[in-house]
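Okay, structure first, notes after.
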Amino acid sequence: MSLLRYAILRLISGALLIVASATAIFLLMRLLGNPIAIALAGRVSEEEIALRTEAAGLNRPLQVQFFEYIGKLLGGSLGQTTLSSQDVELLLWEALPASLEFGFLVLLFAAVISTPIGFYAAHNAGRLRSESLRVSAIVLYATPIFLFAVLLKIVFTVWIPLFPVAGRLSVNSQIALQTQSPNTGFIFFDALASGNWLAVADYLIHMALPVVAVGLVLSASLIRAVRVTVLEQLTSDWYLETRNKFGDNRQTATTHLFRPALATIITSFGTQAIVVLTGMVFAEKVFEIRGLGYLLTEAVLSRDYNLVQGIVVAIALIVIAINLVTDLIAAAIDPRFRKLVR
Amino acid sequence: MRLFSNLLNKFKMASLPLRSGYLMIGLVFLVYVFGPYLAPFDFDQIRDDGTKFQTLAPPNAAHLFGTSNLGFDVLSRTILGFQPAVAVIVISVPLGVVIGSIAGVLAAFFRGWVDRILNFLADLLFVFPALVLSMVVSLGIYAGQTGFVSGVMAAAISTAIAFIPKYFRAVRVEASQVIGSGYVQISIASGVSSWRILAQQVLPNSIRVLPILISKNAADAVLVLAGLGFLGLGITPDTGAEWGYDLSLAVGDLLVGAWWTAFFPSLALLLLVLGFSLIAEWSAEDSLRRKRESL
Amino acid sequence: MKSIRPVAAISIALVGALSLAGCAGVNQEPISIGVGTYFTTIDPAGSWNISDQEIMHQVYTPIFNSLPGDVELQGEIAESWEFESEKVFVVKLKDGLTFANGNQLDSSDVVFSFDRLRGIASPAGPVGLISNIESVVARDNLTLEYNLKVVNDQSLMALLSSVASLVVDEEVFPAGELLANQAIVDAQAFSGQYVINSIKQDEFVSYVPNPGYKGLLGTAKNSGVVMRYFADISNLVLEGKNGNLDVVMGWRSLDSQATTELQQGGYTLVKGVGVEPNFLALDFRNMPFGTETRDADPAKALAVRQALAHVIDKRSFADNAHFGTASIATSIVPTAIPGSYDAMTALYGDGQGGPSLDRAEEALASAGITGPLDLEIAYSPDRYGASVIEQVIDLADQLNESGLFSVSLKAMEWSAFREARTNGQLASWHQTWGPDYTEVDNYVTPLIRSDLNFIRGAYVNTEVDALIYAQLSEPDFAKRSEILKQIQEQLALDLPAIPMLSTDRFALVKSGISGVAETFDVSYKFRLGKISR
């Protein structure tokens, strides 16, 4: 179908998905209990919990609470945290830049590494080097990310102290950035915009280990995806025909190998977004990066119901958005990706 | 007896990575079954015959894998860690397979609106990372106290939910083909009840593709359980043996030079996950290769 | 739109001043301190959390203060002071005091701060400390009149040196609510030895010396301090091991292994004098033979408490769980506090501070108690750090080994623990108490006096209460000590709590850094200004 039609249909399905996700989260969490009970169980007496539940309006019929929830959501509000009555969206906005930058660097790193290696593996398919690459990719993929992150941390901050231990930026750079002009929370952007090269370098050094930890594991699956796609292309009849006609040159490769491979990588981003997010939750904990994953862990540990709910909705939104964007881009590049149901 | 010789044949024909996978899982199975007898101490035992264990002792004669910071025997906790891990797999896989396969078969058979709705629901489930789901589920199940059952259930349910869409899609594709095939069409034409067709003809033939997904499911389930433990949720050391939580404590030990509290649980975890991952990855390869070779 | 002018102005002035002064003894590099706890608010009306107090004491001024290492209180912003009458205390402020942003600091700010603390009445704040002060009135812009409820209140000056008396800028802080941390920093509403030039919640606080400070503490010996907060203790230790921290604060964070690691890495262990009581508390209602149990018997309950006092080996806790950072306590009032009296050593154990199993057995036997007694001891692992966890486990072991008790430990999350304690749901528990100010009254009144009774063990002794009131109003310290002696002797007989240790802060200091030992004095205040390279 045409790109435009696909785009419209995909957007509609995305919107529906968002509404459905918000509903599902609401239902699931209410299934587990009500906000007050979960946050305060074991901390205050049962009568107190019952009192506060009533006071918070949680005994009203579920539909009423649900519509109030959706209404607030459409207005951009995620409510107040159960434990300290702060605005949930404020906390999310504070934590989001850290994770977004982190995720961006991870994707960049993985893409840069996987593409050439994937091509190499495809061209040398069947030979020992390619097979051993595959095994290492599997081992890497099987390693729990938190294990890998801890290993990297111990090796490169303790045994060979090359990298900083935790955080996104050293204190001095943070102080410097705070007083300089753009202060969006996106450290990379802020530092570049104010010309503070020291801070840029500082940031990259701090993020090196976490990015590698998550990025390598992501690469493992990306390499496989690239390899498979390129192999398919290499052995497809019409490619061989094209090559015979036009010769084995760069243009052939770019148009007929690279573009489909690119489309695959991009859709892989979409499906792997979840893997990356999961990895980031661990990496943020190990390297004390105060992003969305870190916030989520803290929220669950302190049983702050509303905060957890807000973060999960945000995560769902992000995943849906990522998949939407990747699908659209892939569809733009390669017409074969324009089917609604895969 | 036939099952055993079947398995043996499969093993003989397998490639090296696949064999390694099978061996690993076999080992896991043995440790799971005999674990409680093999483990010299209980998972939260800190003394024997009145004498307290030394804390953070390196591997020695009394404690082959050393002791942890709290005085637990690492060997015992490593062995007993297989209990919750296998439990999660045993709960998560059937749950996901059953729901996903039935949904897939229904979608392929009835098509139209049923198909569209089920697809949408699958997309919905796809949105949520298993780990995040398990964190949320762990909130509610125990409401205040961590525990063995809650930790296992949180990981199992969320991994099942994460894999239902995958089973759904795989089975749906297979089922479509099966339904389009000759003998099923004949059954439909001759008026056999739909449910009978589905149960006896479509379903059994559509789940051939599942073993690979099941292996991935198993690996993921254990990873989610360990991840949950690493974050400090799920099974805490006083309610059970779980490698993830032990590993989070082991980071501090590594700083003071104690390697054994991190090494052995990691090995166990890797054994389990790698075993299933190898099986998942090389099963497809192998069957393709065998088909090519037999032509 | 943040106003960064005050901050910028001060930074420029500072850089200017520093470059003029050259390197004249003040090294350019700020001191970096790693902390394993976390801070919440720097608004003095909002918290009496020890970590928050640490910050507040650097940047705000109380009425009185003490020099590090000194016990005597002198005027910080006070020029002169006296008891005008039994219930009126008059203070005359120094002239010309200002906040870092240029606003004047005079008596109206003091009254404002006091009224604000009482008005906001935050449950997390130190409002409970000022309950003995009826009101504060400004007679003129330099004279203050404190109207008291207690005659000749001896704890008043100490109270006026604590976090409850910190003066805030009335032109910046709102009267009815707390002010956000960033807003306070932006407005530079500081009058203390330091100002905060940069703050990031849960990550760091950056201090630079306040050029306009003319108070008791004098000029800071360093060019600035950065306190870095770590949520994960292993990261704190790692940064220490890599030598990136000048000081690593160990209080309620580090265990013996981490400490040893850092010591091997070239850090020196420095500890405080021991001003935090660490004790085993018993609820007279629920303990074995307690008043609300089936076999209630006060005589037997007393025997149980005596047996505990005989058999507990405190040395073991000090040496092992607290690896030398704690001292043995012989009273609920730590030995380092003037007014403390040792009534326990002679009465219990082997008479020299060690345990005695024989006397414990004897105490139980003569009361007719046989067999191991079931005892549940509750504690809060998430609040007090690894050492306390080890201590409690050791305690349980000791009691079980003695054959006299069968102890089960109950770990409780902090808020649940506090709730259960307050509601009389526990039989016995371990507790550590951080003093608000280190004056002897702060140990007896809030902990023991039956209307406040922080221990909450349902212990009521009207004679002790009367003595507590008496010592608070006795201006002659010799007579006062005599009253305190009687109080502590009675406590040693009644045993509402069994004092085990006096703990304190401790830190690991890199070589070349000095001054930390001096600031770990009895005042329990951490003075950053003392630390230098």
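Identifiers for the structure tokens are assigned positionally: chains receive A, B, ... in sequence, residues are indexed from 1 per chain, and ligands are indexed from 1 in the order shown.
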With 8 Å as the cut-off and only C-alpha atoms counted, what is the closest atom pair between each nearby residue of chain A and chain B? Distances in Å to one decimal, ordered by chain and number, as a Markdown table.
| residue | atom | partner | partner_atom | distance |
| --- | --- | --- | --- | --- |
| A:Leu17 | CA | B:Leu124 | CA | 6.3 |
| A:Ala20 | CA | B:Leu124 | CA | 7.1 |
| A:Ser21 | CA | B:Leu124 | CA | 6.5 |
| A:Met29 | CA | B:Val136 | CA | 7.6 |
| A:Leu32 | CA | B:Gly140 | CA | 4.4 |
| A:Gly33 | CA | B:Gly140 | CA | 6.2 |
| A:Ala37 | CA | B:Ala143 | CA | 7.8 |
| A:Ile38 | CA | B:Ala143 | CA | 5.4 |
| A:Ala39 | CA | B:Ala143 | CA | 7.9 |
| A:Ala41 | CA | B:Gly144 | CA | 5.6 |
| A:Gly42 | CA | B:Gly144 | CA | 5.8 |
| A:Ile138 | CA | B:Ser277 | CA | 7.1 |
| A:Val139 | CA | B:Leu274 | CA | 6.6 |
| A:Ala142 | CA | B:Leu274 | CA | 5.5 |
| A:Thr143 | CA | B:Leu270 | CA | 6.5 |
| A:Pro144 | CA | B:Leu223 | CA | 6.4 |
| A:Phe146 | CA | B:Gly227 | CA | 7.2 |
| A:Leu147 | CA | B:Ser266 | CA | 7.6 |
| A:Val150 | CA | B:Val251 | CA | 7.2 |
| A:Ile154 | CA | B:Leu254 | CA | 7.6 |
| A:Val158 | CA | B:Leu255 | CA | 7.5 |
| A:Ile274 | CA | B:Pro129 | CA | 5.4 |
| A:Val275 | CA | B:Pro129 | CA | 7.4 |
| A:Leu277 | CA | B:Pro129 | CA | 7.6 |
| A:Thr278 | CA | B:Leu131 | CA | 6.4 |
| A:Phe282 | CA | B:Leu231 | CA | 7.7 |
| A:Lys285 | CA | B:Leu231 | CA | 7.9 |
| A:Thr297 | CA | B:Leu231 | CA | 7.1 |
| A:Val300 | CA | B:Leu139 | CA | 6.6 |
| A:Leu301 | CA | B:Leu233 | CA | 7.2 |
| A:Arg303 | CA | B:Leu139 | CA | 6.6 |
| A:Val308 | CA | B:Val136 | CA | 7.3 |
| A:Val312 | CA | B:Val132 | CA | 7.5 |
| A:Ala316 | CA | B:Val127 | CA | 6.0 |
| A:Val319 | CA | B:Val127 | CA | 6.2 |
| A:Ile320 | CA | B:Val127 | CA | 6.6 |
| A:Val341 | CA | B:Asn119 | CA | 7.9 |
Could you write those residues out with C-alpha atoms, as a PDB file, in the first residue's frame?
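And here's result29.pdb as it stands now:
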ATOM      1  CA  LEU A  17      -2.490   1.190  21.613  1.00  0.00           C
ATOM      2  CA  ALA A  20      -5.319   0.469  25.639  1.00  0.00           C
ATOM      3  CA  SER A  21      -1.993   0.478  27.484  1.00  0.00           C
ATOM      4  CA  MET A  29      -2.392  -2.084  39.212  1.00  0.00           C
ATOM      5  CA  LEU A  32      -2.924  -5.698  42.825  1.00  0.00           C
ATOM      6  CA  GLY A  33      -4.478  -3.423  45.391  1.00  0.00           C
ATOM      7  CA  ALA A  37      -2.814  -0.189  50.805  1.00  0.00           C
ATOM      8  CA  ILE A  38       0.196  -1.037  48.718  1.00  0.00           C
ATOM      9  CA  ALA A  39       2.250   1.947  49.783  1.00  0.00           C
ATOM     10  CA  ALA A  41       1.016  -2.020  54.102  1.00  0.00           C
ATOM     11  CA  GLY A  42       3.055  -3.070  57.109  1.00  0.00           C
ATOM     12  CA  ILE A 138      24.922 -15.801  21.666  1.00  0.00           C
ATOM     13  CA  VAL A 139      27.054 -15.857  24.785  1.00  0.00           C
ATOM     14  CA  ALA A 142      22.685 -14.760  27.149  1.00  0.00           C
ATOM     15  CA  THR A 143      24.722 -12.878  29.701  1.00  0.00           C
ATOM     16  CA  PRO A 144      22.429 -11.026  32.002  1.00  0.00           C
ATOM     17  CA  PHE A 146      23.372  -6.620  35.140  1.00  0.00           C
ATOM     18  CA  LEU A 147      26.149  -9.175  35.334  1.00  0.00           C
ATOM     19  CA  VAL A 150      28.915  -5.201  37.157  1.00  0.00           C
ATOM     20  CA  ILE A 154      34.690  -3.868  38.520  1.00  0.00           C
ATOM     21  CA  VAL A 158      38.611  -1.035  40.306  1.00  0.00           C
ATOM     22  CA  ILE A 274      12.302  -3.401  25.133  1.00  0.00           C
ATOM     23  CA  VAL A 275      15.613  -5.146  25.576  1.00  0.00           C
ATOM     24  CA  LEU A 277      14.936  -0.416  28.208  1.00  0.00           C
ATOM     25  CA  THR A 278      15.381  -3.450  30.439  1.00  0.00           C
ATOM     26  CA  PHE A 282      20.049  -2.339  35.331  1.00  0.00           C
ATOM     27  CA  LYS A 285      21.231   1.101  38.968  1.00  0.00           C
ATOM     28  CA  THR A 297      13.493   0.926  40.880  1.00  0.00           C
ATOM     29  CA  VAL A 300       8.993   0.021  43.478  1.00  0.00           C
ATOM     30  CA  LEU A 301      11.338  -0.400  46.429  1.00  0.00           C
ATOM     31  CA  ARG A 303       6.192   1.047  47.029  1.00  0.00           C
ATOM     32  CA  VAL A 308       5.199   3.370  39.597  1.00  0.00           C
ATOM     33  CA  VAL A 312       5.006   2.461  33.514  1.00  0.00           C
ATOM     34  CA  ALA A 316       4.558   2.232  27.444  1.00  0.00           C
ATOM     35  CA  VAL A 319       7.895   1.987  23.499  1.00  0.00           C
ATOM     36  CA  ILE A 320       4.844   2.645  21.355  1.00  0.00           C
ATOM     37  CA  VAL A 341       0.003  -7.070  10.519  1.00  0.00           C
TER      38      VAL A 341
END
Using only C-alpha atoms, which protein or nucleic acid residues come within 10 Å of segment 60-75 of chain A? Drop anything in the same chain fewer than 2 positions from it, and give the result as a CSV table (one decimal) with C-alpha atoms, in the first residue's frame.
chain,number,residue,atom,x,y,z
A,19,VAL,CA,-5.2,4.2,25.2
A,22,ALA,CA,-3.1,3.1,29.9
A,23,THR,CA,-6.3,1.2,30.6
A,26,PHE,CA,-4.7,1.0,35.5
A,27,LEU,CA,-6.6,-2.3,35.7
A,30,ARG,CA,-5.8,-1.9,40.8
A,54,GLU,CA,-11.6,6.5,52.1
A,56,ALA,CA,-8.4,9.6,49.0
A,57,GLY,CA,-11.7,8.7,47.3
A,58,LEU,CA,-10.6,5.2,46.5
A,77,SER,CA,-1.2,14.9,34.4
A,78,LEU,CA,-0.1,11.7,36.0
A,79,GLY,CA,-1.3,12.5,39.5
A,310,GLY,CA,3.1,7.0,36.1
A,313,VAL,CA,2.6,4.6,31.5
Query - Option closest in space to chain C, from A:Arg10, A:Arg227, A:Arg134, A:Arg290 [counting only C-alpha atoms] - result: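 Going through A:Arg10, A:Arg227, A:Arg134, A:Arg290 one by one, the smallest distance to chain C is for A:Arg290.
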Query - Contact set, chain C to chain B: 10 Å, only C-alpha atoms, as a PyMOL selection string - result: chain C and resi 232-235+237-238+241+257-262+390+397+401+413
Would you save the residues of that selection, restricted to N, CA and C atoms, as an mmCIF file, in the first residue's frame?
data_model
loop_
_atom_site.group_PDB
_atom_site.id
_atom_site.type_symbol
_atom_site.label_atom_id
_atom_site.label_comp_id
_atom_site.auth_asym_id
_atom_site.auth_seq_id
_atom_site.Cartn_x
_atom_site.Cartn_y
_atom_site.Cartn_z
ATOM 1 N N ASP C 232 24.483 4.281 46.714
ATOM 2 C CA ASP C 232 25.014 2.930 46.760
ATOM 3 C C ASP C 232 26.337 2.969 47.505
ATOM 4 N N ILE C 233 26.430 2.298 48.640
ATOM 5 C CA ILE C 233 27.635 2.371 49.450
ATOM 6 C C ILE C 233 28.850 1.845 48.711
ATOM 7 N N SER C 234 28.654 0.832 47.860
ATOM 8 C CA SER C 234 29.829 0.301 47.171
ATOM 9 C C SER C 234 30.432 1.345 46.239
ATOM 10 N N ASN C 235 29.601 2.239 45.700
ATOM 11 C CA ASN C 235 30.163 3.317 44.887
ATOM 12 C C ASN C 235 30.965 4.280 45.733
ATOM 13 N N VAL C 237 32.585 3.494 48.443
ATOM 14 C CA VAL C 237 33.859 2.845 48.758
ATOM 15 C C VAL C 237 34.776 2.854 47.544
ATOM 16 N N LEU C 238 34.201 2.609 46.381
ATOM 17 C CA LEU C 238 34.991 2.604 45.155
ATOM 18 C C LEU C 238 35.669 3.947 44.912
ATOM 19 N N LYS C 241 38.468 4.216 47.222
ATOM 20 C CA LYS C 241 39.602 3.387 46.828
ATOM 21 C C LYS C 241 40.366 4.020 45.687
ATOM 22 N N GLN C 257 34.577 -4.295 56.744
ATOM 23 C CA GLN C 257 35.395 -4.669 55.590
ATOM 24 C C GLN C 257 35.689 -3.482 54.703
ATOM 25 N N ALA C 258 34.655 -2.680 54.456
ATOM 26 C CA ALA C 258 34.882 -1.498 53.633
ATOM 27 C C ALA C 258 35.900 -0.593 54.315
ATOM 28 N N THR C 259 35.779 -0.463 55.633
ATOM 29 C CA THR C 259 36.708 0.387 56.370
ATOM 30 C C THR C 259 38.128 -0.130 56.247
ATOM 31 N N THR C 260 38.297 -1.453 56.398
ATOM 32 C CA THR C 260 39.636 -2.017 56.274
ATOM 33 C C THR C 260 40.199 -1.770 54.887
ATOM 34 N N GLU C 261 39.343 -1.949 53.880
ATOM 35 C CA GLU C 261 39.789 -1.714 52.502
ATOM 36 C C GLU C 261 40.335 -0.312 52.346
ATOM 37 N N LEU C 262 39.575 0.653 52.862
ATOM 38 C CA LEU C 262 40.002 2.034 52.708
ATOM 39 C C LEU C 262 41.271 2.313 53.513
ATOM 40 N N GLU C 390 25.041 -6.187 62.608
ATOM 41 C CA GLU C 390 25.965 -7.165 63.182
ATOM 42 C C GLU C 390 25.848 -7.194 64.684
ATOM 43 N N ASP C 397 23.009 -13.895 69.618
ATOM 44 C CA ASP C 397 23.877 -15.049 69.843
ATOM 45 C C ASP C 397 24.296 -15.153 71.293
ATOM 46 N N GLU C 401 23.443 -18.259 73.608
ATOM 47 C CA GLU C 401 24.538 -19.085 74.105
ATOM 48 C C GLU C 401 24.491 -19.218 75.617
ATOM 49 N N GLU C 413 11.021 -2.715 58.916
ATOM 50 C CA GLU C 413 11.288 -1.512 58.151
ATOM 51 C C GLU C 413 11.106 -0.300 59.047
#
Give me the chain C side of the contact with chain A, cut-off 7 Å, one line per residue showing its nearest atom pair and distance in Å at one decimal, counting only C-alpha atoms, sorted by chain and residue number, as a Markdown table.
| residue | atom | partner | partner_atom | distance |
| --- | --- | --- | --- | --- |
| C:Ser198 | CA | A:Ile175 | CA | 6.2 |
| C:Asn235 | CA | A:Val165 | CA | 6.4 |
| C:Leu238 | CA | A:Val165 | CA | 6.8 |
| C:Glu239 | CA | A:Val165 | CA | 6.5 |
| C:Ser415 | CA | A:Arg43 | CA | 5.7 |
| C:Ala416 | CA | A:Arg43 | CA | 4.1 |
| C:Glu419 | CA | A:Val44 | CA | 6.7 |
Query raised in the report: Quick one: residues within 6 Å of Pro499 of chain C, only C-alpha atoms counted, chain neighbours fewer than 4 positions away excluded, as a count of residues only?
Result: 4
Query raised in the report: Quick one: residues within 12 Å of segment 120-131 of chain C, only C-alpha atoms counted, chain neighbours fewer than 4 positions away excluded, as a ChimeraX atom specification?
Result: /C:40-50,52-53,112-116,135-136,146-150,153,155-166,173-179,435-437,441-442,445-446,452,454
**Report entry** Residues near Asp115 of chain B, cut-off 12 Å, only C-alpha atoms, skip fewer than 2 positions along chain, as a ChimeraX atom specification
**Finding:** /A:341 /B:103-113,117-122,168-169,172-173,176
**Report entry** Ala470 of chain C surroundings by only C-alpha atoms, 10 Å radius, close-in-sequence under 2 positions cut, as number ranges by chain
**Finding:** C: 150-151, 153, 464-468, 472-474, 480, 483-484
Store the residues picked out above in a file with N, CA and C atoms, as a PDB file, in the first residue's frame.
ATOM      1  N   VAL C 150      10.178  26.915  81.933  1.00  0.00           N
ATOM      2  CA  VAL C 150      10.886  26.252  83.026  1.00  0.00           C
ATOM      3  C   VAL C 150      11.777  27.272  83.728  1.00  0.00           C
ATOM      4  N   VAL C 151      11.746  27.250  85.048  1.00  0.00           N
ATOM      5  CA  VAL C 151      12.572  28.170  85.820  1.00  0.00           C
ATOM      6  C   VAL C 151      14.047  27.883  85.600  1.00  0.00           C
ATOM      7  N   ASP C 153      16.011  27.548  83.083  1.00  0.00           N
ATOM      8  CA  ASP C 153      16.203  26.413  82.173  1.00  0.00           C
ATOM      9  C   ASP C 153      17.678  26.250  81.793  1.00  0.00           C
ATOM     10  N   VAL C 464      11.836   9.929  89.710  1.00  0.00           N
ATOM     11  CA  VAL C 464      12.812  10.272  88.676  1.00  0.00           C
ATOM     12  C   VAL C 464      12.340  11.487  87.893  1.00  0.00           C
ATOM     13  N   ASP C 465      11.058  11.508  87.578  1.00  0.00           N
ATOM     14  CA  ASP C 465      10.508  12.668  86.867  1.00  0.00           C
ATOM     15  C   ASP C 465      10.789  13.946  87.640  1.00  0.00           C
ATOM     16  N   ALA C 466      10.528  13.918  88.942  1.00  0.00           N
ATOM     17  CA  ALA C 466      10.742  15.103  89.764  1.00  0.00           C
ATOM     18  C   ALA C 466      12.203  15.533  89.721  1.00  0.00           C
ATOM     19  N   LEU C 467      13.091  14.543  89.801  1.00  0.00           N
ATOM     20  CA  LEU C 467      14.524  14.843  89.744  1.00  0.00           C
ATOM     21  C   LEU C 467      14.894  15.453  88.393  1.00  0.00           C
ATOM     22  N   ILE C 468      14.282  14.935  87.336  1.00  0.00           N
ATOM     23  CA  ILE C 468      14.587  15.463  86.010  1.00  0.00           C
ATOM     24  C   ILE C 468      14.177  16.926  85.914  1.00  0.00           C
ATOM     25  N   LEU C 472      16.879  20.421  85.651  1.00  0.00           N
ATOM     26  CA  LEU C 472      16.780  21.362  84.541  1.00  0.00           C
ATOM     27  C   LEU C 472      16.832  22.810  85.042  1.00  0.00           C
ATOM     28  N   SER C 473      16.410  23.014  86.290  1.00  0.00           N
ATOM     29  CA  SER C 473      16.348  24.379  86.800  1.00  0.00           C
ATOM     30  C   SER C 473      17.456  24.724  87.765  1.00  0.00           C
ATOM     31  N   GLU C 474      18.414  23.825  87.945  1.00  0.00           N
ATOM     32  CA  GLU C 474      19.465  24.060  88.925  1.00  0.00           C
ATOM     33  C   GLU C 474      20.665  24.755  88.295  1.00  0.00           C
ATOM     34  N   ARG C 480      23.716  20.368  90.404  1.00  0.00           N
ATOM     35  CA  ARG C 480      22.994  19.715  89.305  1.00  0.00           C
ATOM     36  C   ARG C 480      23.563  18.317  89.066  1.00  0.00           C
ATOM     37  N   ILE C 483      22.157  15.852  91.408  1.00  0.00           N
ATOM     38  CA  ILE C 483      20.806  15.394  91.041  1.00  0.00           C
ATOM     39  C   ILE C 483      20.879  14.385  89.905  1.00  0.00           C
ATOM     40  N   LEU C 484      21.718  14.706  88.927  1.00  0.00           N
ATOM     41  CA  LEU C 484      21.836  13.795  87.776  1.00  0.00           C
ATOM     42  C   LEU C 484      22.367  12.430  88.221  1.00  0.00           C
TER      43      LEU C 484
END
Query raised in the report: Do you know which residues are at most 8 Å from segment 512-528 of chain C counting only C-alpha atoms, after dropping those on the same chain fewer than 6 positions away, and could you put them as number ranges by chain?
Result: C: 54, 57-58, 66, 68-71, 220, 225, 246, 270-275, 336-337, 437-438, 505-506
Write the selection just made, keeping C-alpha atoms, as an mmCIF file, in the first residue's frame?
data_model
loop_
_atom_site.group_PDB
_atom_site.id
_atom_site.type_symbol
_atom_site.label_atom_id
_atom_site.label_comp_id
_atom_site.auth_asym_id
_atom_site.auth_seq_id
_atom_site.Cartn_x
_atom_site.Cartn_y
_atom_site.Cartn_z
ATOM 1 C CA GLU C 54 25.043 18.641 58.855
ATOM 2 C CA HIS C 57 25.066 23.998 60.510
ATOM 3 C CA GLN C 58 27.470 25.147 57.819
ATOM 4 C CA SER C 66 31.033 26.300 70.596
ATOM 5 C CA PRO C 68 35.527 22.766 67.962
ATOM 6 C CA GLY C 69 36.991 20.830 70.835
ATOM 7 C CA ASP C 70 35.526 23.164 73.402
ATOM 8 C CA VAL C 71 32.535 22.400 75.586
ATOM 9 C CA ALA C 220 37.433 28.581 56.940
ATOM 10 C CA VAL C 225 33.959 21.770 50.160
ATOM 11 C CA ASP C 246 39.481 13.382 50.611
ATOM 12 C CA VAL C 270 39.030 9.027 62.694
ATOM 13 C CA LYS C 271 36.229 8.651 65.163
ATOM 14 C CA GLY C 272 34.079 10.864 67.329
ATOM 15 C CA VAL C 273 33.929 10.879 71.098
ATOM 16 C CA GLY C 274 30.737 8.829 71.382
ATOM 17 C CA VAL C 275 27.607 10.870 71.948
ATOM 18 C CA ALA C 336 31.656 12.249 77.086
ATOM 19 C CA ILE C 337 28.756 14.438 78.185
ATOM 20 C CA TYR C 437 22.180 18.989 71.091
ATOM 21 C CA THR C 438 24.756 17.496 73.369
ATOM 22 C CA ARG C 505 30.331 9.403 63.554
ATOM 23 C CA PHE C 506 33.545 8.199 62.084
#
Report task. Work out how far apart atom CA of Asp304 of chain A and atom CA of Gln80 of chain A are and give it in Å to one decimal. Result -> 10.0 Å
Query raised in the report: So which bits of segment 367-526 of chain C end up alpha helix (DSSP H) when you DSSP the backbone, as a PyMOL selection string?
Result: chain C and resi 381-384+386-401+414-422+441-448+462-472+477-494+516-519
Report task. Just the strand (DSSP E) stuff from segment 34-229 of chain B, please, per backbone DSSP, written as number ranges by chain. Result -> B: 47-48, 51-52
Residues just named, written with C-alpha atoms as a PDB file, in the first residue's frame:
ATOM      1  CA  ARG B  47      25.918 -22.290  61.996  1.00  0.00           C
ATOM      2  CA  ASP B  48      26.455 -26.003  62.283  1.00  0.00           C
ATOM      3  CA  THR B  51      29.684 -23.122  65.780  1.00  0.00           C
ATOM      4  CA  LYS B  52      29.007 -20.155  63.581  1.00  0.00           C
TER       5      LYS B  52
END
